[in-house]
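Source file: query_11.txt. Holds: compact mmCIF, C-alpha atoms.
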```txt
# COMPACT_ATOMS: atom_id res chain seq x y z
CA MET A 1 -26.63 26.07 32.44
CA THR A 2 -28.59 22.88 31.87
CA THR A 3 -27.64 20.12 29.46
CA ASP A 4 -30.42 21.26 27.12
CA ASP A 5 -28.83 24.71 26.92
CA VAL A 6 -25.45 23.41 25.79
CA LEU A 7 -24.71 23.46 22.07
CA ARG A 8 -24.33 20.00 20.59
CA VAL A 9 -21.31 19.77 18.26
CA PHE A 10 -19.58 17.24 15.98
CA THR A 11 -22.87 15.59 14.98
CA PRO A 12 -23.22 14.63 11.29
CA GLU A 13 -25.40 17.70 10.73
CA PHE A 14 -22.83 19.98 12.39
CA LYS A 15 -19.89 18.51 10.48
CA ALA A 16 -21.67 18.71 7.12
CA ASP A 17 -22.09 22.46 7.63
CA ALA A 18 -18.99 23.03 9.76
CA HIS A 19 -17.75 26.35 8.39
CA ALA A 20 -21.14 28.06 8.71
CA ARG A 21 -21.57 26.69 12.25
CA TYR A 22 -18.10 27.84 13.29
CA ALA A 23 -18.63 31.27 11.75
CA GLU A 24 -21.70 31.75 13.94
CA LEU A 25 -19.79 30.63 17.02
CA ARG A 26 -16.89 32.98 16.29
CA LYS A 27 -19.33 35.91 16.13
CA GLN A 28 -20.48 35.05 19.65
CA GLY A 29 -17.03 34.63 21.16
CA PRO A 30 -13.77 32.64 21.02
CA ILE A 31 -14.80 29.86 23.45
CA HIS A 32 -18.07 28.04 24.16
CA ARG A 33 -19.49 25.42 26.50
CA VAL A 34 -20.59 22.52 24.30
CA GLN A 35 -21.64 18.90 24.38
CA THR A 36 -19.92 16.46 22.04
CA HIS A 37 -21.68 13.79 19.99
CA THR A 38 -20.89 11.31 22.81
CA GLY A 39 -22.75 13.46 25.34
CA LEU A 40 -19.60 14.63 27.11
CA PRO A 41 -19.76 18.31 28.17
CA THR A 42 -16.57 20.17 27.19
CA TRP A 43 -15.28 23.56 26.09
CA LEU A 44 -14.67 24.43 22.45
CA VAL A 45 -12.18 27.11 21.36
CA VAL A 46 -12.97 28.62 17.94
CA GLY A 47 -10.84 31.80 17.94
CA TYR A 48 -7.33 31.80 16.47
CA GLU A 49 -5.49 33.78 19.15
CA LEU A 50 -7.21 31.93 21.98
CA ALA A 51 -6.41 28.64 20.27
CA ARG A 52 -2.71 29.51 20.23
CA GLU A 53 -2.95 30.31 23.91
CA ALA A 54 -4.86 27.13 24.76
CA LEU A 55 -2.48 24.86 22.85
CA VAL A 56 0.43 25.92 25.09
CA HIS A 57 -1.43 26.79 28.29
CA PRO A 58 0.39 25.34 31.34
CA LEU A 59 -2.89 24.41 33.04
CA LEU A 60 -4.22 22.47 30.05
CA GLY A 61 -2.50 19.11 29.84
CA LYS A 62 -3.00 15.61 28.52
CA ASP A 63 -3.37 14.01 31.96
CA SER A 64 -7.04 13.06 32.21
CA THR A 65 -6.86 12.04 35.88
CA PRO A 66 -8.93 15.04 37.07
CA ALA A 67 -11.74 13.88 34.76
CA ASP A 68 -11.44 10.11 35.17
CA GLU A 69 -14.72 9.71 37.02
CA ALA A 70 -16.69 11.68 34.44
CA LEU A 71 -14.99 9.78 31.63
CA ARG A 72 -15.90 6.44 33.15
CA ASP A 73 -19.50 7.56 33.55
CA ALA A 74 -19.56 8.57 29.86
CA GLY A 75 -17.98 5.28 28.75
CA TYR A 76 -15.04 7.20 27.29
CA THR A 77 -12.16 4.75 26.67
CA VAL A 78 -10.38 6.29 23.69
CA ASN A 79 -7.60 7.73 25.89
CA ARG A 80 -6.67 4.39 27.50
CA PRO A 81 -3.39 2.68 26.50
CA GLY A 82 -3.64 -0.76 24.97
CA VAL A 83 -7.31 -0.49 24.02
CA GLY A 84 -7.55 3.13 22.87
CA LEU A 85 -5.25 5.80 21.49
CA GLY A 86 -3.24 6.44 24.66
CA GLY A 87 0.23 5.52 25.85
CA ASN A 88 2.08 7.82 23.43
CA MET A 89 3.48 11.33 23.17
CA LEU A 90 0.13 12.80 22.08
CA THR A 91 -1.42 11.82 25.42
CA ALA A 92 1.64 12.63 27.55
CA ASP A 93 2.91 15.74 29.31
CA PRO A 94 6.55 16.61 29.97
CA PRO A 95 8.88 15.03 30.93
CA HIS A 96 7.38 11.81 29.47
CA HIS A 97 6.34 13.62 26.30
CA THR A 98 9.84 15.02 25.81
CA ARG A 99 11.43 11.57 26.08
CA LEU A 100 8.93 9.86 23.76
CA ARG A 101 9.08 12.57 21.11
CA LYS A 102 12.87 12.50 21.05
CA LEU A 103 12.85 8.76 20.32
CA VAL A 104 10.67 9.20 17.23
CA ALA A 105 11.68 12.64 15.97
CA ALA A 106 14.78 11.49 14.08
CA ALA A 107 12.59 9.45 11.70
CA PHE A 108 10.53 12.46 10.61
CA THR A 109 13.07 15.13 9.74
CA PRO A 110 12.43 17.11 6.55
CA ARG A 111 15.54 15.55 4.99
CA ARG A 112 14.35 11.99 5.68
CA MET A 113 10.89 12.80 4.37
CA GLU A 114 12.30 14.36 1.21
CA ALA A 115 14.15 11.11 0.55
CA LEU A 116 10.71 9.48 0.23
CA ARG A 117 9.69 11.75 -2.66
CA PRO A 118 10.51 9.29 -5.48
CA ARG A 119 8.48 6.54 -3.81
CA VAL A 120 5.56 8.89 -3.09
CA GLN A 121 5.64 9.93 -6.75
CA GLU A 122 5.69 6.28 -7.85
CA ILE A 123 2.67 5.41 -5.69
CA THR A 124 0.83 8.51 -6.92
CA ASP A 125 1.48 7.64 -10.56
CA GLY A 126 0.33 4.07 -10.05
CA LEU A 127 -2.96 5.09 -8.46
CA LEU A 128 -3.70 7.59 -11.22
CA ASP A 129 -2.70 5.07 -13.89
CA ALA A 130 -5.40 2.75 -12.51
CA VAL A 131 -8.18 5.25 -13.26
CA ALA A 132 -6.73 7.18 -16.21
CA GLU A 133 -8.34 5.08 -18.95
CA ASP A 134 -11.82 5.27 -17.39
CA GLY A 135 -12.14 9.05 -17.46
CA ARG A 136 -14.01 9.05 -14.17
CA ALA A 137 -13.44 7.99 -10.57
CA ASP A 138 -14.32 8.60 -6.97
CA LEU A 139 -11.01 10.03 -5.83
CA VAL A 140 -11.55 9.27 -2.13
CA PRO A 141 -11.35 5.45 -2.38
CA ALA A 142 -9.25 5.53 -5.56
CA PHE A 143 -6.63 8.12 -4.63
CA THR A 144 -6.78 10.25 -1.49
CA THR A 145 -7.16 7.29 0.89
CA PRO A 146 -4.82 4.66 -0.60
CA LEU A 147 -1.92 7.07 -1.20
CA PRO A 148 -1.18 7.94 2.45
CA VAL A 149 -2.16 4.41 3.55
CA THR A 150 0.47 2.93 1.25
CA VAL A 151 3.13 5.48 2.24
CA ILE A 152 2.73 5.06 6.01
CA SER A 153 2.33 1.29 5.71
CA GLU A 154 5.63 1.01 3.84
CA LEU A 155 7.34 3.38 6.27
CA LEU A 156 6.16 1.39 9.28
CA GLY A 157 6.52 -2.05 7.72
CA VAL A 158 2.86 -3.13 7.55
CA PRO A 159 2.54 -6.15 5.19
CA GLU A 160 0.61 -5.33 2.02
CA GLY A 161 -1.96 -8.08 2.52
CA GLN A 162 -2.98 -6.72 5.92
CA ARG A 163 -3.68 -3.10 4.99
CA GLY A 164 -7.42 -3.41 4.29
CA ASN A 165 -8.58 -4.05 7.86
CA PHE A 166 -5.79 -1.79 9.09
CA THR A 167 -7.35 1.15 7.23
CA THR A 168 -10.88 0.40 8.44
CA TRP A 169 -9.81 0.03 12.07
CA THR A 170 -7.95 3.34 11.91
CA GLN A 171 -10.98 5.21 10.60
CA HIS A 172 -13.14 3.63 13.31
CA ALA A 173 -10.58 4.43 16.02
CA LEU A 174 -10.78 8.09 15.04
CA GLY A 175 -14.50 8.02 15.76
CA ASN A 176 -15.97 7.39 12.34
CA PRO A 177 -18.55 6.03 12.97
CA PRO A 178 -18.64 6.81 16.72
CA GLU A 179 -20.32 3.55 17.73
CA LYS A 180 -17.36 1.66 16.23
CA GLN A 181 -14.65 3.74 17.91
CA ALA A 182 -13.91 1.49 20.90
CA GLU A 183 -14.00 -1.65 18.74
CA GLY A 184 -11.79 -0.09 16.07
CA ALA A 185 -9.22 1.13 18.58
CA LEU A 186 -9.11 -2.27 20.26
CA ASN A 187 -8.66 -4.09 16.95
CA LEU A 188 -5.95 -1.66 15.89
CA ASN A 189 -4.08 -2.21 19.17
CA ARG A 190 -4.33 -5.98 18.80
CA PHE A 191 -3.12 -5.89 15.21
CA LEU A 192 -0.16 -3.67 16.00
CA SER A 193 0.74 -5.68 19.10
CA GLU A 194 1.02 -8.81 16.94
CA LEU A 195 2.92 -6.90 14.25
CA LEU A 196 5.41 -5.59 16.81
CA ALA A 197 5.95 -9.13 18.08
CA ASP A 198 6.72 -10.16 14.49
CA LYS A 199 9.19 -7.28 14.18
CA HIS A 200 10.90 -8.47 17.38
CA ARG A 201 11.32 -11.96 15.93
CA SER A 202 12.22 -10.84 12.40
CA PRO A 203 13.21 -7.15 12.28
CA GLY A 204 13.23 -5.35 8.96
CA ASP A 205 14.34 -2.02 7.57
CA ASP A 206 11.28 -0.10 8.78
CA LEU A 207 10.28 2.30 11.51
CA LEU A 208 8.44 -0.21 13.72
CA SER A 209 11.49 -2.48 13.74
CA ALA A 210 13.60 0.51 14.75
CA LEU A 211 11.21 1.28 17.62
CA VAL A 212 11.33 -2.35 18.76
CA ALA A 213 15.11 -2.06 18.85
CA VAL A 214 14.80 1.01 21.07
CA ARG A 215 12.46 -0.91 23.40
CA ASP A 216 14.92 -3.81 23.57
CA GLU A 217 17.89 -1.68 24.64
CA ASP A 218 19.19 -2.34 28.14
CA ASP A 219 18.28 1.09 29.45
CA GLY A 220 14.60 0.38 28.77
CA ARG A 221 13.91 3.77 27.22
CA LEU A 222 10.65 2.57 25.66
CA SER A 223 8.24 0.41 27.65
CA ASP A 224 5.89 -2.14 26.06
CA THR A 225 2.97 0.22 26.65
CA GLU A 226 4.85 3.15 25.11
CA LEU A 227 5.97 1.06 22.14
CA LEU A 228 2.42 0.01 21.32
CA GLY A 229 1.01 3.47 21.98
CA THR A 230 3.62 5.07 19.72
CA ALA A 231 2.84 2.58 16.94
CA VAL A 232 -0.88 3.39 17.25
CA LEU A 233 -0.17 7.12 17.09
CA LEU A 234 2.03 6.82 13.99
CA VAL A 235 -0.64 4.79 12.20
CA VAL A 236 -3.53 7.10 13.09
CA ALA A 237 -1.63 10.32 12.42
CA GLY A 238 0.02 8.97 9.28
CA HIS A 239 -2.85 8.31 6.95
CA ASP A 240 -6.43 9.27 7.77
CA THR A 241 -5.51 12.88 8.48
CA THR A 242 -3.40 13.12 5.31
CA ALA A 243 -6.17 11.49 3.30
CA ASN A 244 -8.45 14.36 4.32
CA LEU A 245 -5.78 16.94 3.54
CA LEU A 246 -5.63 15.59 -0.02
CA ALA A 247 -9.41 15.42 -0.39
CA ASP A 248 -9.88 18.91 1.04
CA GLY A 249 -7.23 20.25 -1.33
CA ILE A 250 -8.70 18.64 -4.42
CA LEU A 251 -12.18 19.90 -3.58
CA ALA A 252 -10.92 23.42 -2.95
CA LEU A 253 -9.20 23.45 -6.35
CA LEU A 254 -12.26 22.03 -8.11
CA ARG A 255 -14.39 24.76 -6.55
CA HIS A 256 -11.83 27.42 -7.50
CA PRO A 257 -10.71 26.58 -11.07
CA ASP A 258 -8.80 29.85 -11.34
CA GLN A 259 -6.54 28.67 -8.52
CA ALA A 260 -6.11 25.25 -10.14
CA ARG A 261 -5.17 26.95 -13.41
CA LEU A 262 -2.63 29.11 -11.58
CA LEU A 263 -1.00 26.04 -10.03
CA ARG A 264 -0.74 24.35 -13.43
CA GLU A 265 1.01 27.44 -14.73
CA ARG A 266 3.15 27.89 -11.62
CA PRO A 267 3.84 24.57 -9.88
CA ASP A 268 6.36 26.41 -7.71
CA LEU A 269 3.31 27.64 -5.77
CA LEU A 270 2.34 24.11 -4.68
CA PRO A 271 4.00 24.31 -1.22
CA ALA A 272 2.13 27.55 -0.53
CA ALA A 273 -1.06 25.95 -1.84
CA ILE A 274 -0.77 23.13 0.71
CA GLU A 275 -0.50 25.71 3.50
CA GLU A 276 -3.59 27.44 2.13
CA VAL A 277 -5.51 24.15 2.09
CA LEU A 278 -4.48 23.56 5.71
CA ARG A 279 -5.79 27.01 6.63
CA TYR A 280 -8.92 26.98 4.49
CA ASP A 281 -10.12 23.46 5.35
CA ALA A 282 -8.13 21.93 8.20
CA PRO A 283 -8.17 18.13 7.81
CA VAL A 284 -8.29 17.63 11.59
CA GLU A 285 -11.47 19.37 12.67
CA TYR A 286 -10.70 19.49 16.38
CA THR A 287 -7.90 18.40 18.68
CA PRO A 288 -8.09 15.54 21.16
CA LEU A 289 -9.15 16.78 24.58
CA ARG A 290 -6.88 18.68 26.90
CA TRP A 291 -7.73 18.67 30.61
CA ALA A 292 -7.75 21.46 33.16
CA ALA A 293 -5.30 20.71 35.98
CA GLU A 294 -7.03 23.31 38.18
CA ASP A 295 -9.55 26.14 37.98
CA PHE A 296 -8.53 29.03 35.73
CA GLU A 297 -9.89 31.54 33.22
CA LEU A 298 -9.59 31.13 29.44
CA GLY A 299 -10.94 33.71 27.03
CA GLY A 300 -13.18 35.18 29.71
CA SER A 301 -14.71 31.80 30.64
CA ARG A 302 -14.17 30.04 33.93
CA ILE A 303 -12.66 26.60 33.32
CA SER A 304 -13.02 24.19 36.25
CA LYS A 305 -10.52 21.53 37.27
CA GLY A 306 -11.21 18.37 35.25
CA ASP A 307 -12.95 20.19 32.39
CA GLY A 308 -12.04 19.06 28.88
CA VAL A 309 -11.13 21.54 26.15
CA HIS A 310 -11.22 20.95 22.39
CA ILE A 311 -9.59 23.37 19.94
CA ALA A 312 -11.53 23.58 16.66
CA LEU A 313 -8.74 23.71 14.09
CA THR A 314 -11.19 23.94 11.20
CA ALA A 315 -12.64 27.07 12.81
CA VAL A 316 -9.45 28.94 13.70
CA GLY A 317 -8.03 28.93 10.16
CA ARG A 318 -10.84 31.22 9.03
CA ASP A 319 -10.75 33.49 12.05
CA GLY A 320 -9.53 36.86 10.88
CA ASP A 321 -10.54 39.54 8.41
CA GLU A 322 -13.28 39.25 5.81
CA ASP A 323 -10.73 37.80 3.38
CA ALA A 324 -10.39 34.61 5.47
CA ASP A 325 -13.14 32.79 3.54
CA ARG A 326 -11.33 33.27 0.21
CA PHE A 327 -9.17 30.43 -1.11
CA ASP A 328 -5.91 31.91 -2.41
CA VAL A 329 -2.85 29.76 -3.16
CA THR A 330 -0.64 32.86 -3.26
CA ARG A 331 -1.51 33.79 0.33
CA ALA A 332 1.74 34.44 2.17
CA ASP A 333 0.86 34.58 5.86
CA GLY A 334 0.33 30.82 6.45
CA ARG A 335 -1.97 31.60 9.38
CA HIS A 336 -3.18 28.18 10.52
CA LEU A 337 -2.77 25.76 13.41
CA SER A 338 -3.62 22.61 11.49
CA PHE A 339 -0.42 20.87 12.61
CA GLY A 340 -0.87 22.12 16.15
CA HIS A 341 1.28 24.55 18.11
CA GLY A 342 3.81 24.13 20.87
CA ILE A 343 5.29 20.84 22.08
CA HIS A 344 2.60 18.74 20.38
CA HIS A 345 3.22 20.19 16.91
CA CYS A 346 2.74 17.33 14.42
CA LEU A 347 5.94 15.35 13.83
CA GLY A 348 4.56 14.05 10.54
CA ALA A 349 4.02 17.52 9.06
CA PRO A 350 6.94 17.23 6.58
CA LEU A 351 5.56 13.93 5.25
CA ALA A 352 2.01 15.29 4.93
CA ARG A 353 3.30 18.35 3.08
CA LEU A 354 5.36 16.18 0.74
CA GLU A 355 2.40 13.93 -0.08
CA GLY A 356 0.21 16.98 -0.65
CA VAL A 357 2.62 18.64 -3.09
CA VAL A 358 3.22 15.44 -5.06
CA ALA A 359 -0.42 14.33 -5.14
CA LEU A 360 -2.03 17.65 -6.07
CA GLY A 361 0.70 18.58 -8.52
CA THR A 362 0.48 15.26 -10.36
CA LEU A 363 -3.31 15.25 -10.44
CA LEU A 364 -3.47 18.77 -11.86
CA ARG A 365 -0.84 17.98 -14.49
CA ARG A 366 -2.32 14.70 -15.70
CA PHE A 367 -5.99 15.65 -15.70
CA PRO A 368 -6.23 19.33 -16.70
CA ASP A 369 -9.99 19.16 -17.33
CA LEU A 370 -10.81 17.44 -14.01
CA GLU A 371 -14.28 18.35 -12.72
CA LEU A 372 -16.90 17.12 -10.28
CA THR A 373 -19.79 15.05 -11.62
CA VAL A 374 -22.18 16.41 -8.96
CA PRO A 375 -22.60 19.89 -7.50
CA ALA A 376 -20.09 20.52 -4.71
CA GLU A 377 -22.98 21.32 -2.35
CA GLU A 378 -24.26 17.74 -2.71
CA LEU A 379 -21.03 16.03 -1.66
CA PRO A 380 -21.21 13.99 1.56
CA TRP A 381 -18.79 14.89 4.35
CA VAL A 382 -17.08 12.68 6.88
CA PRO A 383 -19.99 12.41 9.36
CA ALA A 384 -18.14 11.71 12.61
CA GLY A 385 -14.75 11.73 14.31
CA ILE A 386 -12.02 14.33 14.52
CA THR A 387 -11.26 14.54 10.80
CA HIS A 388 -12.82 16.95 8.30
CA GLY A 389 -13.19 16.27 4.61
CA PRO A 390 -15.45 15.08 1.81
CA ALA A 391 -16.43 11.41 2.02
CA ALA A 392 -16.65 11.15 -1.77
CA LEU A 393 -15.15 13.01 -4.74
CA PRO A 394 -16.82 11.76 -7.94
CA VAL A 395 -14.99 13.33 -10.89
CA ARG A 396 -14.63 13.04 -14.64
CA PHE A 397 -11.78 13.94 -16.99
CA SER A 398 -10.54 13.15 -20.46
CA PRO A 399 -9.43 9.51 -20.40
CA GLU A 400 -5.84 8.68 -21.19
CA PRO A 401 -5.17 6.11 -23.90
CA PRO A 402 -3.93 2.73 -22.65
CA ALA A 403 -0.19 2.33 -22.34
CA PRO A 404 1.44 0.47 -25.24
CA ALA A 405 1.94 -3.24 -24.65
CA GLY A 406 5.26 -3.99 -23.02
CA SER A 407 5.85 -0.41 -21.91
```
What is this structure when it is put down as structure tokens?
Amino acid sequence: MTTDDVLRVFTPEFKADAHARYAELRKQGPIHRVQTHTGLPTWLVVGYELAREALVHPLLGKDSTPADEALRDAGYTVNRPGVGLGGNMLTADPPHHTRLRKLVAAAFTPRRMEALRPRVQEITDGLLDAVAEDGRADLVPAFTTPLPVTVISELLGVPEGQRGNFTTWTQHALGNPPEKQAEGALNLNRFLSELLADKHRSPGDDLLSALVAVRDEDDGRLSDTELLGTAVLLVVAGHDTTANLLADGILALLRHPDQARLLRERPDLLPAAIEEVLRYDAPVEYTPLRWAAEDFELGGSRISKGDGVHIALTAVGRDGDEDADRFDVTRADGRHLSFGHGIHHCLGAPLARLEGVVALGTLLRRFPDLELTVPAEELPWVPAGITHGPAALPVRFSPEPPAPAGS
């Protein structure tokens, strides 16, 4: 197969019409040879069952050594520690992955995340207060982005005055836009390296200070490279992906007012609704690459040693019967892989779920007549990178009267 024969994926045109593109691919088979927007030839898994298999396959790992030459030729640096998104559990295989995950896991238990609920509610209320009197807003910059940014920044201990660039660098590091990815990742690493040094000199009651303390223990359980890589991972995973979960959820409810009405009547369904959003419109469109340790067969295709494999999470949630394209907050099966599967299942899933329940529930309650100001088909979508969601959500609603003076 020549380069011209290979399907080009993750371009702005592809991402803007992702569900239709993935539906066509699923009809043809569960795995395809593709070329990414960077020009790198890889494999793309679009079938649910094959995705589950690929996510735990013993011959698909995070060690990119078999592909290092091809990656250098393609100018691919995003996996490198210190300048990219490497050096953490997401880019590690056991036993290193096991050790790194154990050091961070205690901070992300459901009980610890639930303890954050009052603060998440307070941040949510404040952001909605800021737009309530206007009766209109673009909810992406006004709500779905700043909410998770504020939550993860406070959890990690990022100073408030430094969060603007921090957010921009994170979006760039995730490949949006692709030409800024290397620069964004480098800036993010530099920023966090300096922040970690500050935490070493003046530790606080935050997660980064706790990780610095682990690094400073005599047994050296966390190296400098691992400390920085883990900080980068927590930042990247903690807000841009959740921002898209919120935006995807709001858009789904605006496009399905019967489901929004049901949630207003039955807020007990909100946890199930978040699972349905994750299935219906996965906020992470495709996983970071996994690499073939040797030749093997996957879904009837011959994978060669050094080949990269992406799993299209946005595609696999709608792989199933003809009912898969219907948005239904009462759906009980929870059939999605949006938080991954196997040892790399997302540690931050409890926090993302909490933010989703609080954010969507509060928005529905406060603005019962919320509606888009443009047709849903005209909304722009995130044009590049691994995330999937609307880039704007212009809405209107009945304005709330100003709060009484001194309240």
Have a look at atom CA of A:Ala105 and atom CA of A:Pro350 and let me know their distance in Å, one decimal.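 Separation between atom CA of A:Ala105 and atom CA of A:Pro350: 11.5 Å.
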Using only C-alpha atoms, which of the listed residues (A:Leu263, A:Leu147, A:Glu377, A:His37) sits closest to A:Phe14? A:His37
Please indicate the distance in Å from atom CA of A:Phe166 to atom CA of A:Asp205, rounded to one decimal place.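 Computing the Euclidean distance for atom CA of A:Phe166 and atom CA of A:Asp205 yields 20.2 Å.
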Under the rule of at most 8 Å, produce a per-residue listing of stretch 11-87 of chain A near stretch 91-101 of chain A: chain, number, name, the closest pair of atoms, and the distance in Å, as JSON lines, using only C-alpha atoms.
```
{"residue": "A:Gly61", "atom": "CA", "partner": "A:Asp93", "partner_atom": "CA", "distance": 6.4}
{"residue": "A:Lys62", "atom": "CA", "partner": "A:Thr91", "partner_atom": "CA", "distance": 5.1}
{"residue": "A:Asp63", "atom": "CA", "partner": "A:Ala92", "partner_atom": "CA", "distance": 6.8}
{"residue": "A:Asn79", "atom": "CA", "partner": "A:Thr91", "partner_atom": "CA", "distance": 7.4}
{"residue": "A:Gly86", "atom": "CA", "partner": "A:Thr91", "partner_atom": "CA", "distance": 5.7}
{"residue": "A:Gly87", "atom": "CA", "partner": "A:Thr91", "partner_atom": "CA", "distance": 6.5}
```
Would you mind telling me which residue in A:Arg365, A:His200, A:Arg264, A:Lys102 lies nearest to A:Thr230 when using only C-alpha atoms?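 Answer, going by the shortest atom-to-atom distance: A:Lys102.
Candidate residues A:Asp129, A:Glu285, A:Asp325, A:Glu226 were compared for distance to A:Leu103, and the nearest is A:Glu226, using only C-alpha atoms.
Here the question is which of A:Leu85, A:Ala130, A:Val6, A:Ile250 gets nearest to A:Thr170 using all atoms listed in the file, and that residue is A:Leu85.
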Tell me, as a PDB file with C-alpha atoms, in the coordinates of the input, which residues lie within 10 Å of A:Asp369, counting only C-alpha atoms; anything in the same chain fewer than 2 positions away does not count.
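Output (selection03.pdb):
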```pdb
ATOM      1  CA  LEU A 254     -12.260  22.030  -8.110  1.00  0.00           C
ATOM      2  CA  PRO A 257     -10.710  26.580 -11.070  1.00  0.00           C
ATOM      3  CA  ARG A 261      -5.170  26.950 -13.410  1.00  0.00           C
ATOM      4  CA  LEU A 364      -3.470  18.770 -11.860  1.00  0.00           C
ATOM      5  CA  ARG A 365      -0.840  17.980 -14.490  1.00  0.00           C
ATOM      6  CA  ARG A 366      -2.320  14.700 -15.700  1.00  0.00           C
ATOM      7  CA  PHE A 367      -5.990  15.650 -15.700  1.00  0.00           C
ATOM      8  CA  GLU A 371     -14.280  18.350 -12.720  1.00  0.00           C
ATOM      9  CA  ARG A 396     -14.630  13.040 -14.640  1.00  0.00           C
ATOM     10  CA  PHE A 397     -11.780  13.940 -16.990  1.00  0.00           C
ATOM     11  CA  SER A 398     -10.540  13.150 -20.460  1.00  0.00           C
TER      12      SER A 398
END
```
Report, in Å with one decimal, the straight-line distance from atom CA of A:Val277 to atom CA of A:Asp321.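 We find that atom CA of A:Val277 and atom CA of A:Asp321 lie 17.4 Å from each other.
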Just checking: using all atoms listed in the file, which residue out of A:Leu253, A:Ile303, A:Ala391, A:Ala324 ends up closest to A:Thr42?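 Smallest separation from A:Thr42 among the options: A:Ile303.
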With all atoms listed in the file as the counted atoms, please give the residues lying no more than 7 Å from A:Asp248, apart from itself and same-chain residues fewer than 6 positions off, as a list of chain:residue names.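 Returned residues: A:Val277, A:Asp281, A:Gly389, A:Pro390.
The closest residue to A:Val45, picked from A:Trp169, A:Phe296, A:Tyr22, A:Tyr280 and counting all atoms listed in the file, is A:Tyr22.
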For A:Ala243: contacts at 10 Å, only C-alpha atoms, fewer than 5 positions along chain excluded, given as a PDB file with C-alpha atoms, in the coordinates of the input:
```
ATOM      1  CA  VAL A 140     -11.550   9.270  -2.130  1.00  0.00           C
ATOM      2  CA  PRO A 141     -11.350   5.450  -2.380  1.00  0.00           C
ATOM      3  CA  PHE A 143      -6.630   8.120  -4.630  1.00  0.00           C
ATOM      4  CA  THR A 144      -6.780  10.250  -1.490  1.00  0.00           C
ATOM      5  CA  THR A 145      -7.160   7.290   0.890  1.00  0.00           C
ATOM      6  CA  PRO A 146      -4.820   4.660  -0.600  1.00  0.00           C
ATOM      7  CA  LEU A 147      -1.920   7.070  -1.200  1.00  0.00           C
ATOM      8  CA  PRO A 148      -1.180   7.940   2.450  1.00  0.00           C
ATOM      9  CA  VAL A 149      -2.160   4.410   3.550  1.00  0.00           C
ATOM     10  CA  GLY A 238       0.020   8.970   9.280  1.00  0.00           C
ATOM     11  CA  ASP A 248      -9.880  18.910   1.040  1.00  0.00           C
ATOM     12  CA  GLY A 249      -7.230  20.250  -1.330  1.00  0.00           C
ATOM     13  CA  PRO A 283      -8.170  18.130   7.810  1.00  0.00           C
ATOM     14  CA  ALA A 352       2.010  15.290   4.930  1.00  0.00           C
ATOM     15  CA  GLU A 355       2.400  13.930  -0.080  1.00  0.00           C
ATOM     16  CA  GLY A 356       0.210  16.980  -0.650  1.00  0.00           C
ATOM     17  CA  THR A 387     -11.260  14.540  10.800  1.00  0.00           C
ATOM     18  CA  HIS A 388     -12.820  16.950   8.300  1.00  0.00           C
ATOM     19  CA  GLY A 389     -13.190  16.270   4.610  1.00  0.00           C
TER      20      GLY A 389
END
```
